Amino acid sequence: MDRSLDKIFVRDLLVRGILGVNADERTNKQDIVVNFTLWVDTRAAGSSDDIADSVNYKTVTKAIVKHVEEGQPFLVERLVAELAQLCFDINDRVQAVEMSVEKPSALRFARSVGISIYRERGA
């Protein structure tokens with residue numbers, strides 16, 4: 001990872017959607033928690049004070065919420081990969097993404113289970 005890049009992050013984004021392989025998970029929406037970090041060079045935005053020179057985290061977040069609400073993947077692995085790719089598709093300034101998806105109610109005695117991935121543009 002390029003150490004000259006900065007991080008834009010969103011924590012504990014709570015979305016409801018269909019995710020899972022069990023019959024009840026295919027019919028009942030459940031809580032899905034998304035956390036992500038985008039590696040971006042923010043120097044131009046820091047200098048210009050213009051959102052056009054950065055990555056608008058609101059735009060990215062709205063796209064993630066829509067994707068989770070409308071998609072119905074079976075596996076967390078599929079959803080987390082799709083969301084990471086979505087970040088690259090939204091803005092060319094995004095050079096790397098760390099994305100995690102959690103299912104808080106998946107295991108009875110665990111607060112949450114999930115997957116975290118790291119992807120670089122073009123890799």
# chains A, B, ... in the order shown; residues from 1 in each chain; ligands from 1
>>> select_by_dssp(residues="range 25-54 of chain A", states="strand (DSSP E)", output="list in words")
Gln30, Asp31, Ile32, Val33, Val34, Asn35, Phe36, Thr37, Leu38, Trp39 and Val40 of chain A
>>> write_last_selection(atoms="N, CA and C atoms", output="short mmCIF file (atom, residue, chain, number, x, y, z; two decimals), in the first residue's frame")
data_model
loop_
_atom_site.label_atom_id
_atom_site.label_comp_id
_atom_site.auth_asym_id
_atom_site.auth_seq_id
_atom_site.Cartn_x
_atom_site.Cartn_y
_atom_site.Cartn_z
N GLN A 30 -32.39 -8.87 7.62
CA GLN A 30 -31.65 -8.88 8.88
C GLN A 30 -30.70 -7.69 8.91
N ASP A 31 -30.22 -7.38 10.09
CA ASP A 31 -29.23 -6.32 10.23
C ASP A 31 -27.91 -6.77 9.62
N ILE A 32 -27.30 -5.87 8.86
CA ILE A 32 -25.99 -6.09 8.26
C ILE A 32 -25.18 -4.83 8.58
N VAL A 33 -24.00 -5.03 9.15
CA VAL A 33 -23.15 -3.90 9.52
C VAL A 33 -21.97 -3.84 8.54
N VAL A 34 -21.77 -2.65 7.99
CA VAL A 34 -20.71 -2.44 7.01
C VAL A 34 -19.74 -1.40 7.55
N ASN A 35 -18.46 -1.71 7.46
CA ASN A 35 -17.39 -0.77 7.78
C ASN A 35 -16.47 -0.72 6.57
N PHE A 36 -16.02 0.48 6.22
CA PHE A 36 -15.09 0.54 5.11
C PHE A 36 -14.11 1.69 5.25
N THR A 37 -12.95 1.48 4.65
CA THR A 37 -11.92 2.49 4.56
C THR A 37 -11.50 2.59 3.11
N LEU A 38 -11.44 3.82 2.60
CA LEU A 38 -11.01 4.09 1.24
C LEU A 38 -9.65 4.78 1.29
N TRP A 39 -8.66 4.26 0.56
CA TRP A 39 -7.36 4.91 0.48
C TRP A 39 -7.38 5.83 -0.73
N VAL A 40 -7.16 7.13 -0.45
CA VAL A 40 -7.32 8.19 -1.44
C VAL A 40 -6.25 9.26 -1.18
#
>>> residues_around(residues="range 42-59 of chain A", least_positions_apart="2", cutoff="12 Å", atoms="only C-alpha atoms", output="mmCIF file with C-alpha atoms, in the first residue's frame")
data_model
loop_
_atom_site.group_PDB
_atom_site.id
_atom_site.type_symbol
_atom_site.label_atom_id
_atom_site.label_comp_id
_atom_site.auth_asym_id
_atom_site.auth_seq_id
_atom_site.Cartn_x
_atom_site.Cartn_y
_atom_site.Cartn_z
ATOM 1 C CA SER A 4 1.237 8.699 0.679
ATOM 2 C CA LEU A 5 -2.467 7.880 0.553
ATOM 3 C CA ASP A 6 -4.978 9.028 3.142
ATOM 4 C CA LYS A 7 -7.948 7.165 4.596
ATOM 5 C CA ILE A 8 -11.607 8.072 4.341
ATOM 6 C CA PHE A 9 -13.648 5.781 6.574
ATOM 7 C CA VAL A 10 -17.212 4.994 7.587
ATOM 8 C CA ARG A 11 -17.867 2.926 10.710
ATOM 9 C CA LEU A 13 -23.169 1.521 8.875
ATOM 10 C CA PHE A 36 -15.089 0.538 5.107
ATOM 11 C CA THR A 37 -11.918 2.492 4.564
ATOM 12 C CA LEU A 38 -11.006 4.086 1.239
ATOM 13 C CA TRP A 39 -7.364 4.909 0.476
ATOM 14 C CA VAL A 40 -7.320 8.193 -1.439
ATOM 15 C CA THR A 61 -22.432 5.245 1.496
ATOM 16 C CA LYS A 62 -25.727 5.731 -0.338
ATOM 17 C CA ALA A 63 -24.578 3.336 -3.087
ATOM 18 C CA ILE A 64 -23.573 0.730 -0.484
ATOM 19 C CA VAL A 65 -26.923 1.016 1.320
ATOM 20 C CA LYS A 66 -28.806 0.631 -1.961
ATOM 21 C CA LEU A 86 -18.552 -0.717 -6.016
ATOM 22 C CA CYS A 87 -16.201 1.734 -4.273
ATOM 23 C CA PHE A 88 -13.731 1.495 -7.169
ATOM 24 C CA ASP A 89 -16.537 1.933 -9.691
ATOM 25 C CA ILE A 90 -17.899 5.072 -8.013
ATOM 26 C CA ASN A 91 -14.707 7.139 -7.985
ATOM 27 C CA ASP A 92 -11.378 6.763 -9.791
ATOM 28 C CA ARG A 93 -9.583 8.434 -6.871
ATOM 29 C CA VAL A 94 -10.118 5.329 -4.710
ATOM 30 C CA GLN A 95 -6.839 3.396 -4.861
#
>>> atom_distance(atom1="CA of Arg16 in chain A", atom2="CA of Lys103 in chain A")
10.2 Å
>>> atom_distance(atom1="CA of Val101 in chain A", atom2="CA of Ala123 in chain A")
20.8 Å
>>> select_by_dssp(residues="chain A", states="alpha helix (DSSP H)", output="PyMOL selection string")
chain A and resi 23-27+43-48+57-70+76-90
>>> residues_around(residues="range 112-118 of chain A", least_positions_apart="5", cutoff="7 Å", atoms="only C-alpha atoms", output="PDB file with C-alpha atoms, in the first residue's frame")
ATOM      1  CA  VAL A  76     -21.029 -12.716   3.004  1.00  0.00           C
ATOM      2  CA  GLU A  77     -17.971 -13.342   0.820  1.00  0.00           C
ATOM      3  CA  VAL A  97     -10.483  -0.428  -0.124  1.00  0.00           C
ATOM      4  CA  GLU A  98     -10.775  -2.280   3.148  1.00  0.00           C
ATOM      5  CA  MET A  99     -14.350  -3.507   3.490  1.00  0.00           C
ATOM      6  CA  SER A 100     -15.997  -5.548   6.220  1.00  0.00           C
ATOM      7  CA  VAL A 101     -19.490  -6.976   6.387  1.00  0.00           C
ATOM      8  CA  GLU A 102     -20.900  -8.371   9.610  1.00  0.00           C
ATOM      9  CA  LYS A 103     -24.042 -10.260  10.554  1.00  0.00           C
ATOM     10  CA  PRO A 104     -24.733  -9.373  14.199  1.00  0.00           C
ATOM     11  CA  SER A 105     -27.354 -12.077  14.719  1.00  0.00           C
ATOM     12  CA  ALA A 106     -25.658 -14.959  12.884  1.00  0.00           C
TER      13      ALA A 106
END
>>> closest_residue(among="A:Leu79, A:Val60, A:Pro73, A:Val68", to="Glu25 in chain A", atoms="only C-alpha atoms")
A:Pro73
>>> residues_around(residues="Arg26 in chain A", least_positions_apart="4", cutoff="12 Å", atoms="only C-alpha atoms", output="JSON list (two decimals) with N, CA and C atoms, in the first residue's frame")
[["chain", "number", "residue", "atom", "x", "y", "z"],
["A", 17, "GLY", "N", -31.03, -6.15, 5.06],
["A", 17, "GLY", "CA", -31.09, -6.80, 3.77],
["A", 17, "GLY", "C", -31.19, -8.31, 3.88],
["A", 18, "ILE", "N", -31.31, -8.93, 2.73],
["A", 18, "ILE", "CA", -31.35, -10.39, 2.63],
["A", 18, "ILE", "C", -29.93, -10.88, 2.40],
["A", 19, "LEU", "N", -29.45, -11.75, 3.29],
["A", 19, "LEU", "CA", -28.10, -12.30, 3.19],
["A", 19, "LEU", "C", -28.05, -13.60, 3.96],
["A", 20, "GLY", "N", -27.71, -14.68, 3.28],
["A", 20, "GLY", "CA", -27.58, -15.96, 3.97],
["A", 20, "GLY", "C", -28.09, -17.12, 3.15],
["A", 21, "VAL", "N", -27.85, -18.31, 3.68],
["A", 21, "VAL", "CA", -28.22, -19.53, 2.98],
["A", 21, "VAL", "C", -29.43, -20.24, 3.59],
["A", 22, "ASN", "N", -29.77, -19.91, 4.83],
["A", 22, "ASN", "CA", -30.90, -20.56, 5.49],
["A", 22, "ASN", "C", -32.22, -19.97, 5.00],
["A", 30, "GLN", "N", -32.39, -8.87, 7.62],
["A", 30, "GLN", "CA", -31.65, -8.88, 8.88],
["A", 30, "GLN", "C", -30.70, -7.69, 8.91],
["A", 71, "GLY", "N", -29.74, -6.17, -3.15],
["A", 71, "GLY", "CA", -29.12, -7.45, -3.47],
["A", 71, "GLY", "C", -29.60, -8.54, -2.53],
["A", 72, "GLN", "N", -29.41, -9.77, -2.95],
["A", 72, "GLN", "CA", -29.79, -10.89, -2.10],
["A", 72, "GLN", "C", -28.77, -12.02, -2.21],
["A", 73, "PRO", "N", -27.50, -11.73, -1.93],
["A", 73, "PRO", "CA", -26.49, -12.78, -2.06],
["A", 73, "PRO", "C", -26.65, -13.85, -0.97],
["A", 74, "PHE", "N", -26.16, -15.01, -1.27],
["A", 74, "PHE", "CA", -26.17, -16.10, -0.29],
["A", 74, "PHE", "C", -25.01, -15.95, 0.70],
["A", 75, "LEU", "N", -23.85, -15.52, 0.21],
["A", 75, "LEU", "CA", -22.66, -15.52, 1.04],
["A", 75, "LEU", "C", -22.17, -14.12, 1.37]]
>>> closest_residue(among="A:Ala96, A:Ala110, A:Glu69, A:Val80", to="Val15 in chain A", atoms="only C-alpha atoms")
A:Glu69
>>> decode(residues="range 77-100 of chain A", atoms="N, CA and C atoms", output="compact mmCIF listing (two decimals), in the first residue's frame")
# COMPACT_ATOMS: atom_id res chain seq x y z
N GLU A 77 -19.12 -13.49 1.70
CA GLU A 77 -17.97 -13.34 0.82
C GLU A 77 -18.35 -12.63 -0.48
N ARG A 78 -19.51 -12.97 -1.01
CA ARG A 78 -19.98 -12.34 -2.25
C ARG A 78 -20.31 -10.86 -2.01
N LEU A 79 -21.04 -10.57 -0.95
CA LEU A 79 -21.45 -9.20 -0.68
C LEU A 79 -20.25 -8.30 -0.42
N VAL A 80 -19.31 -8.73 0.38
CA VAL A 80 -18.16 -7.88 0.70
C VAL A 80 -17.32 -7.60 -0.54
N ALA A 81 -17.18 -8.58 -1.44
CA ALA A 81 -16.44 -8.37 -2.69
C ALA A 81 -17.17 -7.39 -3.60
N GLU A 82 -18.49 -7.52 -3.68
CA GLU A 82 -19.27 -6.60 -4.51
C GLU A 82 -19.17 -5.17 -3.99
N LEU A 83 -19.23 -5.00 -2.69
CA LEU A 83 -19.16 -3.66 -2.11
C LEU A 83 -17.79 -3.01 -2.32
N ALA A 84 -16.74 -3.80 -2.21
CA ALA A 84 -15.40 -3.26 -2.46
C ALA A 84 -15.29 -2.79 -3.91
N GLN A 85 -15.77 -3.61 -4.83
CA GLN A 85 -15.71 -3.23 -6.25
C GLN A 85 -16.56 -1.99 -6.52
N LEU A 86 -17.68 -1.88 -5.86
CA LEU A 86 -18.55 -0.72 -6.02
C LEU A 86 -17.80 0.58 -5.68
N CYS A 87 -16.98 0.54 -4.65
CA CYS A 87 -16.20 1.73 -4.27
C CYS A 87 -15.25 2.15 -5.39
N PHE A 88 -14.61 1.18 -6.04
CA PHE A 88 -13.73 1.50 -7.17
C PHE A 88 -14.53 2.06 -8.34
N ASP A 89 -15.71 1.50 -8.56
CA ASP A 89 -16.54 1.93 -9.69
C ASP A 89 -17.07 3.36 -9.52
N ILE A 90 -17.30 3.77 -8.29
CA ILE A 90 -17.90 5.07 -8.01
C ILE A 90 -16.93 6.22 -8.25
N ASN A 91 -15.64 6.02 -7.89
CA ASN A 91 -14.71 7.14 -7.98
C ASN A 91 -13.30 6.64 -8.30
N ASP A 92 -12.72 7.17 -9.36
CA ASP A 92 -11.38 6.76 -9.79
C ASP A 92 -10.29 7.14 -8.79
N ARG A 93 -10.59 8.03 -7.86
CA ARG A 93 -9.58 8.43 -6.87
C ARG A 93 -9.34 7.34 -5.83
N VAL A 94 -10.27 6.41 -5.68
CA VAL A 94 -10.12 5.33 -4.71
C VAL A 94 -9.05 4.36 -5.21
N GLN A 95 -7.95 4.26 -4.47
CA GLN A 95 -6.84 3.40 -4.86
C GLN A 95 -6.83 2.05 -4.14
N ALA A 96 -7.45 1.99 -2.98
CA ALA A 96 -7.55 0.74 -2.22
C ALA A 96 -8.77 0.83 -1.31
N VAL A 97 -9.29 -0.34 -0.96
CA VAL A 97 -10.48 -0.43 -0.12
C VAL A 97 -10.29 -1.53 0.90
N GLU A 98 -10.60 -1.23 2.15
CA GLU A 98 -10.78 -2.28 3.15
C GLU A 98 -12.26 -2.26 3.48
N MET A 99 -12.91 -3.40 3.32
CA MET A 99 -14.35 -3.51 3.49
C MET A 99 -14.64 -4.67 4.42
N SER A 100 -15.54 -4.44 5.38
CA SER A 100 -16.00 -5.55 6.22
C SER A 100 -17.52 -5.55 6.26
